[in-house]
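J.: If you scroll down you'll find the structure; I have some questions about it.
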Number of protein chains: 2
Amino acid sequence: MEKLYETLLQLPIFQGITLYDFNDLIGKLKWHFEKFQPGDTIIKAGEKCDKVVCVLSGSTSFTTESSSNLYSITEFTDRPFIAEPYSLYGIDYSFQSTYTAVSDVTIGSFNKLSFLTIVNDFLICRLNIINMLCRRNQMLYNKLWVDNPKNDFQSKIIRFILLHIENPEGRKLLRVKLYDFANLINASHVNTSIALNQMEKDGLIRMGRMSISIPDAAILKQKFENKK
Amino acid sequence: MEKLYETLLQLPIFQGITLYDFNDLIGKLKWHFEKFQPGDTIIKAGEKCDKVVCVLSGSTSFTTESSSNLYSITEFTDRPFIAEPYSLYGIDYSFQSTYTAVSDVTIGSFNKLSFLTIVNDFLICRLNIINMLCRRNQMLYNKLWVDNPKNDFQSKIIRFILLHIENPEGRKLLRVKLYDFANLINASHVNTSIALNQMEKDGLIRMGRMSISIPDAAILKQKFENKK
């Protein structure tokens, strides 16, 4: 129980709750715990988001496909997190990404009614939720309003990757055909290929068959910011 | 008072409140009403967002500058709205845009403490706020994940404009130098100029000195979607 308390404290919704509130919360919410094995799908993109899914332990990946399936990005994380709390309400109540277990994974989930109990009965969680939603709004907005006049091929590639990732650090995998990628970043495929090869030589990425693997997006970000 | 009730019902935070709740709310909130004349600045971008500003009547415009001041977009509206409720919390508590009165304008505002009263005491407003924040999150996210392979110059111009506007309809004004604009949409300035001139002939935009005026963004959107 103490372990669960420690883990929940790491999730944005539960940050700062007291042990007293935690005990109250555990009693009021109908938790549903589940275990997954490496390779198991935890949530599929497009599934109705009618519950709050907290990944409590283990390594997971989540993959997002672009609307016309031209590319997808997979992010990897070892940390506890809540899968898309911003998909619970709004216009589109469905998960945007597919979540997969990379190691043994434990999740705890509860339904929308329990979410409302949190919103209604726990002042601190209520503010945490509003704060988290505002924060993500600002993060997405800032991405849209970036005006980076640097248009060299490497900057274009890095910008595209940074725009599409949720967590600014960690391992990422971009799946895309070279020809489509060149089109998406608005460059010729020869120039895109040259820039990607140079980035591979510099250790920033690893090229695969129709995929680009990024060992650490934070290094990419640093590189991009130094270029400005 | 009845007029205020009618107006508040149009704002996303207050949608669906009963007259009974409205009376309760009016008593509990410390409203501050102000009038502005055409040309007056209502809020300046960068000001601390420590209050909820509701534009209740009149025509207003709001202007957002890009981070390196390469371009700005001004949107015009005659409708009541709340200025950036998503700037109240999160990482950056400041207004992103400058709000200006175009006609005589009345605003009603209340401070963050009153906002918390709404969040805490009115269930329907609490859900409205979460819903509104989720909705905007999804809207911004979808903009980032659009993959439109159409890369003709007109599509590039329209996409740039649609990505940067808040309301999908109404009059907009983009201020940018032709050379910078060409760079931002990743085209030569000759091709950008040709495409803009054609769009002006088609009645989609009007060219000004370092500015592009869009009579109705909804028509632009339609044009873009038909192209896909």
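To be explicit about the labels: the chains of the structure tokens are called A, B, and onward in the order shown, and within each one the residues are counted from 1, while ligands get numbers from 1 in the order they are shown.
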Counting only C-alpha atoms, which residues of chain A come no farther than 9 Å from chain B, as a ChimeraX atom specification?
T.: /A:65-71,85-92,116,119-120,123,126-127,129-151,163-164,180,183-184,186
J.: Tell me which protein, DNA and RNA residues are within 7 Å of Ser213 (chain B), counting only C-alpha atoms, leaving out same-chain ones fewer than 3 positions away, and put them as a compact mmCIF listing (two decimals) with N, CA and C atoms, in the first residue's frame.
T.:
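Output below, filename around39.txt:
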```txt
# COMPACT_ATOMS: atom_id res chain seq x y z
N LYS B 172 -9.29 37.41 -40.46
CA LYS B 172 -7.96 37.29 -39.87
C LYS B 172 -7.01 38.23 -40.60
N LEU B 173 -5.96 38.60 -39.90
CA LEU B 173 -4.93 39.42 -40.54
C LEU B 173 -3.57 38.84 -40.19
N LEU B 174 -2.82 38.47 -41.20
CA LEU B 174 -1.47 37.94 -40.99
C LEU B 174 -0.49 39.03 -41.37
N ILE B 205 -8.03 36.08 -50.31
CA ILE B 205 -7.26 36.97 -49.44
C ILE B 205 -7.17 38.35 -50.09
N ARG B 206 -6.72 39.32 -49.29
CA ARG B 206 -6.37 40.63 -49.84
C ARG B 206 -4.97 40.96 -49.38
N MET B 207 -4.12 41.34 -50.34
CA MET B 207 -2.74 41.65 -50.00
C MET B 207 -2.62 43.10 -49.58
```
J.: Just the residues within 10 Å of Met199 (chain B), please, counting only C-alpha atoms, with nothing from its chain fewer than 5 positions along; format it as a list in words.
T.: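 The neighbour list is Gln154, Ile157, Ile158, Ser193, Ile194, Leu204, Ile205, Arg206, Met207 and Leu220 of chain B.
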J.: Would you mind exporting N, CA, C and O atoms of the selected residues as a PDB file, in the first residue's frame?
T.:
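The resulting file, result-v7.pdb, is shown below:
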```
ATOM      1  N   GLN B 154      -0.130  26.921 -52.701  1.00  0.00           N
ATOM      2  CA  GLN B 154      -1.354  27.424 -52.087  1.00  0.00           C
ATOM      3  C   GLN B 154      -1.703  26.616 -50.830  1.00  0.00           C
ATOM      4  O   GLN B 154      -2.070  27.180 -49.805  1.00  0.00           O
ATOM      5  N   ILE B 157       0.421  27.744 -47.949  1.00  0.00           N
ATOM      6  CA  ILE B 157      -0.002  29.044 -47.400  1.00  0.00           C
ATOM      7  C   ILE B 157      -1.226  28.850 -46.505  1.00  0.00           C
ATOM      8  O   ILE B 157      -1.266  29.328 -45.368  1.00  0.00           O
ATOM      9  N   ILE B 158      -2.218  28.129 -47.020  1.00  0.00           N
ATOM     10  CA  ILE B 158      -3.455  27.931 -46.255  1.00  0.00           C
ATOM     11  C   ILE B 158      -3.161  27.153 -44.977  1.00  0.00           C
ATOM     12  O   ILE B 158      -3.633  27.487 -43.898  1.00  0.00           O
ATOM     13  N   SER B 193       4.857  34.467 -53.877  1.00  0.00           N
ATOM     14  CA  SER B 193       4.220  35.661 -54.412  1.00  0.00           C
ATOM     15  C   SER B 193       3.193  35.294 -55.491  1.00  0.00           C
ATOM     16  O   SER B 193       2.064  35.813 -55.502  1.00  0.00           O
ATOM     17  N   ILE B 194       3.568  34.391 -56.371  1.00  0.00           N
ATOM     18  CA  ILE B 194       2.639  33.963 -57.440  1.00  0.00           C
ATOM     19  C   ILE B 194       1.380  33.333 -56.829  1.00  0.00           C
ATOM     20  O   ILE B 194       0.252  33.667 -57.200  1.00  0.00           O
ATOM     21  N   LEU B 204      -9.825  34.968 -52.079  1.00  0.00           N
ATOM     22  CA  LEU B 204      -9.593  34.303 -50.789  1.00  0.00           C
ATOM     23  C   LEU B 204      -8.887  35.208 -49.795  1.00  0.00           C
ATOM     24  O   LEU B 204      -9.081  35.096 -48.583  1.00  0.00           O
ATOM     25  N   ILE B 205      -8.031  36.075 -50.312  1.00  0.00           N
ATOM     26  CA  ILE B 205      -7.258  36.973 -49.443  1.00  0.00           C
ATOM     27  C   ILE B 205      -7.166  38.353 -50.090  1.00  0.00           C
ATOM     28  O   ILE B 205      -7.507  38.526 -51.262  1.00  0.00           O
ATOM     29  N   ARG B 206      -6.717  39.321 -49.289  1.00  0.00           N
ATOM     30  CA  ARG B 206      -6.373  40.631 -49.845  1.00  0.00           C
ATOM     31  C   ARG B 206      -4.970  40.962 -49.382  1.00  0.00           C
ATOM     32  O   ARG B 206      -4.652  40.871 -48.187  1.00  0.00           O
ATOM     33  N   MET B 207      -4.118  41.342 -50.337  1.00  0.00           N
ATOM     34  CA  MET B 207      -2.735  41.649 -49.999  1.00  0.00           C
ATOM     35  C   MET B 207      -2.623  43.104 -49.575  1.00  0.00           C
ATOM     36  O   MET B 207      -3.199  43.988 -50.186  1.00  0.00           O
ATOM     37  N   LEU B 220     -11.302  29.514 -46.568  1.00  0.00           N
ATOM     38  CA  LEU B 220      -9.945  29.001 -46.756  1.00  0.00           C
ATOM     39  C   LEU B 220      -9.879  27.526 -46.367  1.00  0.00           C
ATOM     40  O   LEU B 220      -9.271  26.704 -47.050  1.00  0.00           O
TER      41      LEU B 220
END
```
J.: Need to verify the contact set: Ala195 (chain A), 10 Å, only C-alpha atoms, exclusion of same-chain residues closer than 3 positions in sequence. Can you return it as a PyMOL selection string?
T.: chain A and resi 152-157+189-192+198-201
J.: Quick one: write out the picked residues with all heavy atoms as a short mmCIF file (atom, residue, chain, number, x, y, z; two decimals), in the first residue's frame?
T.:
```cif
data_model
loop_
_atom_site.label_atom_id
_atom_site.label_comp_id
_atom_site.auth_asym_id
_atom_site.auth_seq_id
_atom_site.Cartn_x
_atom_site.Cartn_y
_atom_site.Cartn_z
N ASP A 152 17.92 24.56 -42.59
CA ASP A 152 18.85 23.55 -43.13
C ASP A 152 18.23 22.17 -42.89
O ASP A 152 17.33 22.02 -42.06
CB ASP A 152 20.22 23.67 -42.45
CG ASP A 152 20.16 23.41 -40.98
OD1 ASP A 152 19.72 24.31 -40.23
OD2 ASP A 152 20.48 22.29 -40.55
N PHE A 153 18.69 21.18 -43.61
CA PHE A 153 18.00 19.88 -43.60
C PHE A 153 18.00 19.23 -42.23
O PHE A 153 17.01 18.67 -41.80
CB PHE A 153 18.60 18.96 -44.67
CG PHE A 153 18.50 19.58 -46.04
CD1 PHE A 153 19.62 20.04 -46.71
CD2 PHE A 153 17.25 19.74 -46.63
CE1 PHE A 153 19.50 20.65 -47.95
CE2 PHE A 153 17.13 20.35 -47.87
CZ PHE A 153 18.26 20.81 -48.54
N GLN A 154 19.13 19.36 -41.52
CA GLN A 154 19.19 18.72 -40.21
C GLN A 154 18.18 19.37 -39.24
O GLN A 154 17.49 18.67 -38.51
CB GLN A 154 20.61 18.81 -39.64
CG GLN A 154 20.73 18.01 -38.36
CD GLN A 154 22.17 17.88 -37.88
OE1 GLN A 154 23.08 17.71 -38.68
NE2 GLN A 154 22.38 17.97 -36.59
N SER A 155 18.08 20.69 -39.28
CA SER A 155 17.11 21.39 -38.42
C SER A 155 15.69 20.94 -38.73
O SER A 155 14.87 20.76 -37.84
CB SER A 155 17.20 22.90 -38.62
OG SER A 155 18.44 23.38 -38.15
N LYS A 156 15.41 20.78 -40.02
CA LYS A 156 14.07 20.35 -40.43
C LYS A 156 13.74 18.98 -39.85
O LYS A 156 12.64 18.73 -39.37
CB LYS A 156 13.98 20.25 -41.95
CG LYS A 156 13.82 21.58 -42.65
CD LYS A 156 13.70 21.30 -44.13
CE LYS A 156 13.58 22.56 -44.93
NZ LYS A 156 13.22 22.28 -46.33
N ILE A 157 14.71 18.08 -39.93
CA ILE A 157 14.51 16.71 -39.43
C ILE A 157 14.27 16.75 -37.92
O ILE A 157 13.31 16.16 -37.41
CB ILE A 157 15.74 15.83 -39.76
CG1 ILE A 157 15.82 15.61 -41.27
CG2 ILE A 157 15.67 14.50 -39.01
CD1 ILE A 157 17.14 15.01 -41.75
N HIS A 189 14.50 13.97 -51.52
CA HIS A 189 14.89 12.78 -50.76
C HIS A 189 16.39 12.58 -50.74
O HIS A 189 16.93 11.99 -49.82
CB HIS A 189 14.08 11.54 -51.18
CG HIS A 189 14.61 10.80 -52.34
ND1 HIS A 189 14.31 11.12 -53.63
CD2 HIS A 189 15.43 9.72 -52.38
CE1 HIS A 189 14.92 10.28 -54.44
NE2 HIS A 189 15.61 9.42 -53.71
N VAL A 190 17.09 13.15 -51.73
CA VAL A 190 18.55 13.06 -51.71
C VAL A 190 19.12 13.87 -50.54
O VAL A 190 19.92 13.37 -49.73
CB VAL A 190 19.15 13.56 -53.05
CG1 VAL A 190 20.67 13.58 -52.99
CG2 VAL A 190 18.67 12.68 -54.21
N ASN A 191 18.66 15.10 -50.40
CA ASN A 191 19.15 15.94 -49.31
C ASN A 191 18.77 15.38 -47.94
O ASN A 191 19.55 15.45 -46.99
CB ASN A 191 18.59 17.37 -49.44
CG ASN A 191 19.31 18.13 -50.55
OD1 ASN A 191 20.49 17.90 -50.79
ND2 ASN A 191 18.58 19.01 -51.22
N THR A 192 17.56 14.83 -47.84
CA THR A 192 17.13 14.24 -46.57
C THR A 192 18.04 13.08 -46.22
O THR A 192 18.49 12.95 -45.07
CB THR A 192 15.67 13.74 -46.70
OG1 THR A 192 14.87 14.82 -47.19
CG2 THR A 192 15.12 13.27 -45.37
N GLN A 198 24.51 11.89 -42.11
CA GLN A 198 25.42 12.69 -41.28
C GLN A 198 25.03 12.58 -39.80
O GLN A 198 25.87 12.44 -38.92
CB GLN A 198 25.42 14.15 -41.75
CG GLN A 198 26.44 15.03 -41.04
CD GLN A 198 27.87 14.49 -41.14
OE1 GLN A 198 28.34 14.13 -42.23
NE2 GLN A 198 28.56 14.39 -40.01
N MET A 199 23.71 12.63 -39.55
CA MET A 199 23.23 12.53 -38.17
C MET A 199 23.56 11.16 -37.58
O MET A 199 23.83 11.04 -36.39
CB MET A 199 21.72 12.78 -38.12
CG MET A 199 21.35 14.26 -38.29
SD MET A 199 19.57 14.50 -38.47
CE MET A 199 19.04 14.28 -36.76
N GLU A 200 23.53 10.14 -38.42
CA GLU A 200 23.87 8.80 -37.93
C GLU A 200 25.35 8.75 -37.57
O GLU A 200 25.73 8.24 -36.52
CB GLU A 200 23.54 7.74 -38.99
CG GLU A 200 23.71 6.32 -38.45
CD GLU A 200 23.14 5.25 -39.38
OE1 GLU A 200 23.14 5.47 -40.61
OE2 GLU A 200 22.70 4.21 -38.85
N LYS A 201 26.19 9.36 -38.42
CA LYS A 201 27.64 9.42 -38.15
C LYS A 201 27.91 10.15 -36.84
O LYS A 201 28.80 9.80 -36.08
CB LYS A 201 28.36 10.14 -39.29
CG LYS A 201 28.81 9.20 -40.39
CD LYS A 201 29.70 9.92 -41.38
CE LYS A 201 29.67 9.18 -42.72
NZ LYS A 201 29.75 10.09 -43.85
#
```
J.: Quick one: distance from CA of Gly16 (chain B) to CA of Gly170 (chain B) in Å, one decimal?
T.: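 Computing the Euclidean distance for CA of Gly16 (chain B) and CA of Gly170 (chain B) yields 25.7 Å.
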J.: When you draw a straight line from CA of Pro12 (chain A) to CA of Lys112 (chain A), how long is it in Å?
T.: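 Calculated distance between CA of Pro12 (chain A) and CA of Lys112 (chain A) is 17.1 Å.
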J.: Write out as a PyMOL selection string all residues of region 39-138 of chain A that backbone DSSP assigns to alpha helix (DSSP H).
T.: chain A and resi 112-121+123-138
